[in-house]
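Below is one structure, written out as structure tokens; comments come after it.
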Amino acid sequence: MLTTRRCWLALFFAAALCWIIGGEWVSIHAGVPENHFIDSLGGLSFAIAGVIAADRRPGNALGPLMFGYVFLSYLGNWGNLRVPGLPVIGLMGGQLTGAVLAHIALAYPSGRLQTRGRRWVVGVIYATGSGVCLTLLLTFDPRASGCPCVAEPAPFPSRSGAMTALLVGQRSGIVLVPLFLAAIWLRWMRATPAERRDLMPLWLAVFLLAVVYLLSGFASPDTTGDPFAYLIWELQAILTVGIPAVFVWGLLSTRLARSAVGDLVMDLKRPLGSGELRALLARTLGDPSLGLFFAVDGHDMATGHDIWVDAHGRWVSLPESGTGRQARTATIVEREGRPLAALVHDKALDSGLVRAVAAAAAMRLENERLHADLRAQLDEVRASRQRIVEAGDRERRRVERNLHDGAQQRLVTLVLSLAMLRDRAAADPELVRSLDQSTAELKQAIAELRELARGIHPAILTEEGLPAAVEALADRSSVPVRVQANFDGRLAEPVEAVAYFVVAESIANIIKYSRACAARVELSRSNGMLLLEVADDGVGGADVSAGSGLRGLADRVAAVRGMFGVDSPPGGGTLVRAEIPCDG
Amino acid sequence: MAEQLAAGSPADAGERPAVRVVLADDSVLFREGLARVLAERGFDVIAQAGDADQLLAAVRREAPDVAVTDVRMPPTNSNEGLLAAQRIRAEHPGVGVLVLSHYVETRQAIRLLKDAPARVGYLLKDRVSDIADFGDAVRRIAAGGSVIDAEVVAQLLRRRDDDSLAKLTDREQDILELMAQGRSNAAICAKLYLSPKTVETHVGSIFAKLGLLPAADDHRRVLAVLTYLRGS
């Protein structure tokens with residue numbers, strides 16, 4: 001298929017070459033006073049651009065339009081042949097080249113006239129050109145204009161009619177060119193930054209050409225007699241060479257961008273830091289605002305859509321395809337039929353380039369996706385673990401408060417009632433003894449309940465914060481414990497609770513196992529971290545992995561994103577260290 | 001022992017004007033019960049409060065001899081009773097405070113004493129079961145003394161189980177404990193059946209052995225002893 005198309009293209013190109021060279025040859029023989037070299041160069045550049053466009057962008061109308069331009073613009077040259085009918089057709093061709101050029105400029109780079117406004121402008125230009133052509137066809141009599149050659153007369157020969165048509169054809173530029181420029185201006189205003197980058201050189205050339213056309217509207221139709229008209233005409237020819245050159249450059253620049261994919265492949269071989277992949281892709285694509293997102297396993301329960309996360313594992317939603325200046329679109333990269341990553345980019349980027357870049361980076365994208373997926377899961381696990389621990393602490397505080405306001409208060413009130421009864425029963429020694437017994441039992445129950453509540457969540461922690469609660473622990477310890485704290489304020493409740501239980505469990509371990517003579521607890525707060533150390537001079541040999549107590553502490557500290565460590569060489573005492581973020 | 005001490009006190013109180021008391025506790029049942037018990041013991045319970053603000057207002061209005069307050073009260077249910085007690089001691093030097101709590105902590109006790117070494121008390125809430133002792137504690141505060149819960153002192157003694165305390169005789173240790181609770185020499189005499197002279201000799205010996213400077217009065221002595229025991 002490809003080869004067949006290429007053959008046809010080659011054939012077309014050869015035909016266009018013949019058409020151009022032949023036309024130029026005719027002009028030379030007819031003695032037309034113009035720069036044949038520049039004139040042929042203009043045609044040639046359009047033919048080359050047309051071939052490249054048709055080859056690189058099959059289905060895009062720009063290639064055929066360029067060939068059309070070549071065909072029409074050389075009709076005039078062939079018109080110098082002394083063959084019946086040809087001069088008229090040649091004149092007509094000249095009327096339509098401007099319209100084709102406007103069509104190409106407004107359809108670049110997609111080949112389609114995408115808005116109603118652009119279609120309308122191009123339509124008006126074509127209609128004007130066609131109107132002039134038709135009038136010429138009906139009224140132009142070559143013999144009347146001094147051409148000795150051609151036999152066939154026009155159906156309604158009228159020299160003034162033909163001249164008027166020619167004049168209209170030329171002067172209409174005064175209206176049509178500003179109309180065209182307005183369409184270009186609107187297109188520019190609506191273009192995205194990437195589009196503007198692509199459009200800029202072409203439009204500069206088109207703009208200059210349009211200005212020259214505009215000037216030609218004021219020049220005499222007789223290009224051979226008037227030097228100004230001749231200058232304008234030559235300028236048009238030169239600029240006409242430039243336009244396809246710029247167009248070819250535009251196509252090749254896409255090609256250049258594709259060669260950047262090669263550099264990308266090399267860059268992807270070295271290790272990349274976090275966020276570097278996105279930066280690399282953004283640079284290769286020339287879109288600094290490129291967004292890189294990853295599909296994680298599973299679907300959104302509510303919508304059934306894929307779940308997308310950024311490199312940090314945070315949930316994001318892909319943009320809907322939009323229109324207008326800021327339009328962004330998402331190119332989904334798939335692997336084995338499953339979405340892998342999404343590149344959210346400027347809509348104007350060449351989709352082939354985006355796919356090429358995505359394909360080159362597919363391995364890395366898969367890698368990054370796994371990382372992002374893992375981070376998302378880890379974040380969720382961390383958050384849920386923290387929620388569970390905090391819920392546990394909240395529950396402990398609630399139970400302690402309920403005991404304090406409920407059972408403890410009731411029992412103390414009851415003990416008071418018994419005391420009042422005892423006061424009144426003083427006369428009955430038997431009753432007094434029995435009441436004393438009940439009171440003693442009740443006081444024992446109160447003491448036990450007090451210890452129970454203290455173990456659940458110490459009141460002093462709620463009332464006065466961590467240093468006070470740690471001092472209270474030290475006050476109760478049978479092994480002397482020295483407490484040093486460089487702050488006395490309050491911390492967040494979860495932090496206080498975790499830190500307290502680390503110290504409480506450590507001191508309990510010291511009392512139970514360490515055979516230590518002394519211990520110290522240090523609490524310090526700096527740079528948003530709470531650092532706590534519990535050290536003793538006991539037998540050491542504590543193992544985090546062995547006992548559930550230390551293991552539980554490590555888990556609790558990890559739940560509030562802290563660090564926990566135990567250093568306990570046999571015979572060398574034990575040092576328990578925890579670092580917990582406490583937000584300033 | 002307590003009964004003997006208690007038996008003497010109300011009789012004396014009958015002659016002197018009754019001690020005027022303000023009670024603060026968020027449990028109405030407990031407050032009412034305590035008010036009744038104190039009233040029966042010859043105290044004049046002139047006002048009751050359900051939270052710290054009401055307590056402060058009542059103290060300002062009534063200028064009582066003693067304000068009895070729970071540590072934990074609404075609205076925050078943390079330590080507003082304790083804070084109110086400290087404010088009362090600072091703003092109304094003539095008003096004594098007795099702080100009750102379901103828990104006793106040496107840190108809180110020492111903080112109370114440091115701010116005002118006289119006319120303060122700190123007791124476990126269930127001490128109300130011994131009405132005579134409790135009434136005695138309120139009276140001692142009204143008279144300018146200090147009362148520290150035996151549990152606090154016991155805790156400190158357990159902790160300071162070192163050489164310095166081993167130097168004391170058993171008798172001296174008993175006396176140290178009572179001193180730490182805020183007992184006066186006279187009260188110690190009554191409790192331990194000792195003559196005033198003997199108690200004074202023991203006290204002097206304790207201070208010498210522990211290397212403490214003799215305190216100016218009974219309640220400053222409490223702070224000195226507690227601070228020593230706490231080792232800070």
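We label chains A, B, ... in the order they appear in the structure tokens, count residues from 1 in each chain, and number ligands from 1 in the order shown.
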(request) Hey, list the chain B side of the contact with chain A: 9 Å cut-off, only C-alpha atoms, answer as a count of residues only. (result) 33
(request) Write down as an MDAnalysis selection string the residues belonging to range 22-163 of chain B that are assigned helix (DSSP H, G or I) by DSSP computed on the backbone. (result) chainID B and resid 28:40 52:62 80:91 106:115 125:129 131:142 150:159 163
(message) Given only C-alpha atoms as the basis, pick out the residue of B:Gly96, B:Ile206, B:Val153, B:Arg60 nearest to Thr169 in chain B.
(response)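 Of B:Gly96, B:Ile206, B:Val153, B:Arg60, the one nearest Thr169 in chain B is B:Ile206, counting only C-alpha atoms.
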(request) Can you pull out every residue within 10 Å of Thr227 in chain B, counting only C-alpha atoms, but drop anything in the same chain fewer than 3 positions away, and send it as a list in words? (result) Thr106, Ile110, Leu113, Lys114, Leu156, Ala180, Arg221, Val222, Leu223, Ala224, Arg230, Gly231 and Ser232 of chain B
Using all heavy atoms, can you write the selected residues to a file as a compact mmCIF listing (two decimals), in the first residue's frame?
# COMPACT_ATOMS: atom_id res chain seq x y z
N THR B 106 2.03 13.75 93.15
CA THR B 106 2.95 14.58 93.94
C THR B 106 3.22 15.92 93.28
O THR B 106 3.35 16.93 93.94
CB THR B 106 4.29 13.86 94.17
OG1 THR B 106 4.73 13.36 92.93
CG2 THR B 106 4.14 12.73 95.14
N ILE B 110 2.91 19.43 95.15
CA ILE B 110 4.02 20.36 95.34
C ILE B 110 3.74 21.70 94.67
O ILE B 110 4.07 22.76 95.21
CB ILE B 110 5.33 19.72 94.83
CG1 ILE B 110 5.76 18.68 95.86
CG2 ILE B 110 6.41 20.76 94.60
CD1 ILE B 110 6.99 17.93 95.53
N LEU B 113 1.57 23.64 97.03
CA LEU B 113 2.32 24.11 98.19
C LEU B 113 3.30 25.22 97.82
O LEU B 113 3.51 26.15 98.59
CB LEU B 113 3.10 22.95 98.81
CG LEU B 113 2.28 21.98 99.65
CD1 LEU B 113 3.11 20.78 100.01
CD2 LEU B 113 1.76 22.66 100.91
N LYS B 114 3.87 25.11 96.64
CA LYS B 114 4.86 26.11 96.22
C LYS B 114 4.20 27.47 96.07
O LYS B 114 4.76 28.47 96.49
CB LYS B 114 5.49 25.70 94.88
CG LYS B 114 6.80 24.98 95.07
CD LYS B 114 7.54 24.88 93.75
CE LYS B 114 8.83 24.13 93.95
NZ LYS B 114 9.21 23.35 92.77
N LEU B 156 6.19 9.12 97.90
CA LEU B 156 7.51 9.75 97.93
C LEU B 156 8.48 8.93 98.78
O LEU B 156 9.64 8.77 98.42
CB LEU B 156 7.39 11.16 98.49
CG LEU B 156 6.74 12.16 97.55
CD1 LEU B 156 6.50 13.49 98.25
CD2 LEU B 156 7.61 12.36 96.32
N ALA B 180 5.26 15.36 106.73
CA ALA B 180 5.01 15.54 105.29
C ALA B 180 3.53 15.68 105.01
O ALA B 180 3.13 16.34 104.06
CB ALA B 180 5.59 14.38 104.50
N ARG B 221 7.44 23.68 106.67
CA ARG B 221 8.12 22.42 106.89
C ARG B 221 7.61 21.35 105.92
O ARG B 221 8.37 20.55 105.40
CB ARG B 221 7.85 22.00 108.34
CG ARG B 221 8.69 20.85 108.80
CD ARG B 221 8.55 20.70 110.29
NE ARG B 221 7.27 20.12 110.66
CZ ARG B 221 6.90 19.88 111.94
NH1 ARG B 221 7.70 20.21 112.93
NH2 ARG B 221 5.74 19.34 112.21
N VAL B 222 6.30 21.39 105.63
CA VAL B 222 5.71 20.41 104.71
C VAL B 222 6.39 20.48 103.35
O VAL B 222 6.83 19.47 102.80
CB VAL B 222 4.20 20.68 104.50
CG1 VAL B 222 3.59 19.60 103.63
CG2 VAL B 222 3.49 20.77 105.83
N LEU B 223 6.49 21.70 102.83
CA LEU B 223 7.09 21.88 101.50
C LEU B 223 8.54 21.43 101.50
O LEU B 223 8.99 20.73 100.59
CB LEU B 223 6.98 23.35 101.09
CG LEU B 223 7.52 23.67 99.70
CD1 LEU B 223 6.80 22.88 98.63
CD2 LEU B 223 7.42 25.17 99.41
N ALA B 224 9.26 21.82 102.57
CA ALA B 224 10.68 21.45 102.65
C ALA B 224 10.83 19.93 102.62
O ALA B 224 11.65 19.38 101.88
CB ALA B 224 11.29 22.02 103.91
N ARG B 230 11.07 14.36 97.23
CA ARG B 230 10.93 14.21 95.79
C ARG B 230 12.29 14.30 95.09
O ARG B 230 12.44 13.94 93.93
CB ARG B 230 10.01 15.31 95.25
CG ARG B 230 9.45 15.00 93.91
CD ARG B 230 8.16 15.72 93.71
NE ARG B 230 7.47 15.20 92.55
CZ ARG B 230 7.48 15.82 91.37
NH1 ARG B 230 8.13 16.94 91.22
NH2 ARG B 230 6.83 15.28 90.36
N GLY B 231 13.24 14.83 95.86
CA GLY B 231 14.59 14.87 95.30
C GLY B 231 14.74 15.92 94.22
O GLY B 231 15.49 15.74 93.28
N SER B 232 13.95 17.01 94.31
CA SER B 232 14.09 18.05 93.28
C SER B 232 14.11 19.43 93.92
O SER B 232 13.63 19.61 95.01
CB SER B 232 12.93 17.96 92.28
OG SER B 232 11.71 18.10 92.97
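If you look at CA of Val212 in chain A and CA of Pro178 in chain A, they are 11.9 Å away from each other.
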(message) Could you pull out the strand (DSSP E) residues of range 41-217 of chain B, going by DSSP on the backbone, and write them as a ChimeraX atom specification?
(response) /B:44-49,66-70,96-101,120-124,146-148
(message) When you count only C-alpha atoms, which of these residues is closest to Phe247 in chain A: A:Met200, A:Ala360, A:Val560, A:Gly273?
(response) A:Met200
(message) Using only C-alpha atoms for the distances, tell me which of B:Ile175, B:Ala143, B:Val152, B:Leu168 is nearest to Tyr193 in chain B.
(response) B:Ile175
(request) Within 12 Å of Leu55 in chain B, counting only C-alpha atoms, which residues show up once you throw out same-chain ones fewer than 2 positions away? Write them as a PyMOL selection string, please. (result) chain B and resi 21-26+46-53+57-64+66-70+73-74+80-85+87-88+97
Would you export the selected residues with C-alpha atoms as a tab-separated table (two decimals), in the first residue's frame, please?
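Below is the file result_10.tsv, written as the result:
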chain	number	residue	atom	x	y	z
B	21	VAL	CA	-16.98	26.54	103.94
B	22	VAL	CA	-17.76	26.77	100.21
B	23	LEU	CA	-18.09	23.44	98.33
B	24	ALA	CA	-17.46	22.89	94.62
B	25	ASP	CA	-18.10	19.62	92.79
B	26	ASP	CA	-19.97	18.88	89.59
B	46	ILE	CA	-22.42	28.82	103.11
B	47	ALA	CA	-22.38	28.10	99.38
B	48	GLN	CA	-22.12	25.31	96.82
B	49	ALA	CA	-20.77	25.50	93.26
B	50	GLY	CA	-21.04	23.23	90.22
B	51	ASP	CA	-18.01	24.59	88.37
B	52	ALA	CA	-14.92	26.75	88.79
B	53	ASP	CA	-16.60	30.03	87.81
B	57	ALA	CA	-17.87	33.93	92.42
B	58	ALA	CA	-18.91	32.34	95.73
B	59	VAL	CA	-15.45	32.92	97.22
B	60	ARG	CA	-15.50	36.55	96.12
B	61	ARG	CA	-18.99	37.01	97.55
B	62	GLU	CA	-18.73	35.05	100.78
B	63	ALA	CA	-15.02	35.22	101.68
B	64	PRO	CA	-15.20	31.78	103.36
B	66	VAL	CA	-12.05	27.28	103.33
B	67	ALA	CA	-13.06	26.41	99.77
B	68	VAL	CA	-13.31	22.67	99.09
B	69	THR	CA	-13.07	21.83	95.35
B	70	ASP	CA	-12.81	18.86	93.02
B	73	MET	CA	-14.97	20.09	86.74
B	74	PRO	CA	-16.88	21.35	83.70
B	80	GLU	CA	-9.96	23.76	86.39
B	81	GLY	CA	-10.56	22.98	90.10
B	82	LEU	CA	-6.81	23.04	90.69
B	83	LEU	CA	-6.39	26.27	88.71
B	84	ALA	CA	-9.28	27.84	90.64
B	85	ALA	CA	-7.62	26.81	93.92
B	87	ARG	CA	-6.26	31.63	91.90
B	88	ILE	CA	-8.11	31.72	95.19
B	97	VAL	CA	-8.41	25.71	99.79
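Straight-line separation from CA of Arg89 in chain B to CA of Arg139 in chain B: 16.6 Å.
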